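Here is the structure we will look at.
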Amino acid sequence: MQLDPLTFAAIAVMAIATYATRGVGYWLVRHKTVSGRFAGALEAVPGAVLTAIIAPMAFVTGPAESGAALITVLLALRLPLILAVAGGCLAVVGLRLLFG
Amino acid sequence: MTDNATRAPRLTNGSGRGGDFAAGFLTILPVLIAVVVYGLLFGTLAAQKGLSALEVALMSAMVFAGASQFVAVDIWTAPPSILLLGATALMVNLRHVLMGAALAPRVKGWRRVQVYFSLFFMADENWAFALQRAAKRPLTPAYYLGLSLPLYAGWIATTTLGAIFGEALKSPERYGLDFAFTAVFLTLLAGLWQGRRSLSPWLVSAAAAVAAYHLLPGVWYIALGGLAGALAGALQGERPADIERAEDAA
């Protein structure tokens with residue numbers, strides 16, 4: 001059980017950045033209207049960031065990973081998300097065996 | 001902590017503060033099942049990246065934002081790249097800006113300090129239930145705390161447990177756990193899907209990310225994909241519902 005100073009610094013910076021996102025929306029509405037292209041950009045960012053994170057694994061790594069990504073999405077449309085995650089992990093193990 | 005909740009007498013109604021807290025608590029309980037599973041998974045993955053149980057507990061208590069914590073651990077290096085982690089947390093959590101803006105008209109009667117304290121605990125789940133409550137009756141700080149504290153305590157406890165367990169788990173690829181990040185993000189994405197409006201930002205982001213992944217070192221592909229998607233979102237402009245929401249708040 002240890003606490004690395006650099007790790008703590010990273011966690012603190014993440015905490016400040018995250019609290020800023022939580023506080024600033026309320027603050028903005030009290031002071032000005034969030035609208036137009038700025039609102040459109042803000043709305044798009046979280047989905048765009050998550051898409052960017054998964055893109056290499058889902059599209060570049062190999063057929064097993066791409067197939068498992070597709071299976072995960074299909075499961076997520078039907079099942080509780082937890083089961084979709086478990087199914088995706090099982091699928092990648094199976095497909096890796098299949099594709100060698 | 002509960003002092004903040006006890007200083008809003010004019011907002012409490014017949015059922016009282018304790019009743020409101022209990023009502024929020026009961027509302028959020030079913031969600032805790034998901035928190036337990038994601039928490040254990042997060043702790044396990046974080047331990048695989050070399051984070052100690054104490055560091056995991058601190059991150060959960062200070063950041064308390066699941067998606068950005070998964071992303072942080074995914075890109076975690078030793079030593080950690082502090083600026084990159086901060087910038088990534090900022091981008092992944094930008095949806096909070098719109099969520100906080102939507103919450104603002106519902107907390108008009110609260111004291112300023114109650115609002116800024118409560119916003120620390122704002123997550124997808126309690127935010128959604130808070131708006132649902134506000135549609136029917138006034139949203140009280142006690143109800144909001146009832147929604148939030150089980151989520152907060154549950155997230156810290158289960159991520160820490162996961163880290164203790166995860167330190168003992170060898171070769172996670174055997175269970176497909178190296179794919180777990182991607183699977184978690186894909187399910188989060190499925191929940192963010194807004195129909196045709198999501199299509200162009202996500203496609204643009206994926207294309208930019210794949211290109212950057214091939215051309216640039218490190219995890220620049222995340223920032224560039226996010227920026228490209230934001231530009232695509234800006235071109236689309238705001239959602240019709242947001243215009244009504246802004247008028248509601250004004």
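Residues are named by chain letter and number: chains run A, B, ... in the order of the structure tokens, numbers start at 1 in each chain, and ligands are numbered from 1 in the order shown.
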Return the neighbours of chain B among the residues of chain A, cut-off 7 Å, counting only C-alpha atoms, as a ChimeraX atom specification.
/A:1-3,6-7,10-11,13-15,17-19,21-26,29,33,35-56,69,72-73,76,81-82,85,88-90,92-93
Can you list every residue in segment 49-198 of chain B that DSSP puts in helix (DSSP H, G or I), as a ChimeraX atom specification?
/B:53-62,66-74,82-92,95-107,112-119,124-136,141-166,172-175,177-192,196-198
Give me, as a PyMOL selection string, all polymer residues having an atom no more than 12 Å from Arg133 of chain B, counting only C-alpha atoms and skipping those fewer than 5 positions away in the same chain.
chain B and resi 20+23-24+27+103+106-107+126-128+138-141+143-144+147
Any chance you could export the current selection's C-alpha atoms as a PDB file, in the first residue's frame?
ATOM      1  CA  ASP B  20     -36.305  13.068   1.072  1.00  0.00           C
ATOM      2  CA  ALA B  23     -36.416   8.566  -1.112  1.00  0.00           C
ATOM      3  CA  GLY B  24     -33.251   9.467  -3.010  1.00  0.00           C
ATOM      4  CA  THR B  27     -34.171   5.476  -5.981  1.00  0.00           C
ATOM      5  CA  LEU B 103     -29.453  21.321 -13.483  1.00  0.00           C
ATOM      6  CA  ARG B 106     -33.772  23.160 -10.760  1.00  0.00           C
ATOM      7  CA  VAL B 107     -31.593  24.329  -7.853  1.00  0.00           C
ATOM      8  CA  ASN B 126     -27.850  10.904  -9.928  1.00  0.00           C
ATOM      9  CA  TRP B 127     -28.119  13.763 -12.437  1.00  0.00           C
ATOM     10  CA  ALA B 128     -30.715  11.866 -14.463  1.00  0.00           C
ATOM     11  CA  PRO B 138     -39.060  20.587  -6.026  1.00  0.00           C
ATOM     12  CA  LEU B 139     -35.596  19.048  -5.916  1.00  0.00           C
ATOM     13  CA  THR B 140     -34.210  19.286  -2.378  1.00  0.00           C
ATOM     14  CA  PRO B 141     -30.552  19.031  -1.280  1.00  0.00           C
ATOM     15  CA  TYR B 143     -32.996  14.123  -1.959  1.00  0.00           C
ATOM     16  CA  TYR B 144     -29.917  14.899  -4.068  1.00  0.00           C
ATOM     17  CA  LEU B 147     -29.005   9.897  -4.590  1.00  0.00           C
TER      18      LEU B 147
END
Please determine, counting only C-alpha atoms, which residue among B:Leu26, B:Asp124, B:Gly50, B:Phe42 has the shortest atom-to-atom distance to Gly162 of chain B.
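Residue with the minimum atom-to-atom distance to Gly162 of chain B: B:Phe42.
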Rank B:Pro172, B:Ala130, B:Leu151, B:Thr160 by their smallest atom-to-atom distance to Val31 of chain B, using only C-alpha atoms, and report the top residue only.
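Of all the options, B:Leu151 lies closest to Val31 of chain B.
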If you count only C-alpha atoms, which residues fall within 9 Å of Ser66 of chain A, apart from same-chain ones fewer than 6 positions away, as a PyMOL selection string?
chain A and resi 57-60+92
Kindly export the residues of the current selection with C-alpha atoms, as a compact mmCIF listing (two decimals), in the first residue's frame.
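The result, written out as selection.txt:
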# COMPACT_ATOMS: atom_id res chain seq x y z
CA MET A 57 -8.47 -1.22 -30.80
CA ALA A 58 -11.76 -1.46 -32.71
CA PHE A 59 -10.49 -0.72 -36.25
CA VAL A 60 -6.72 -1.26 -36.41
CA VAL A 92 -12.21 -11.44 -27.82
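Atom to atom, atom CA of Ala9 of chain A and atom CA of Val113 of chain B stand 26.2 Å apart.
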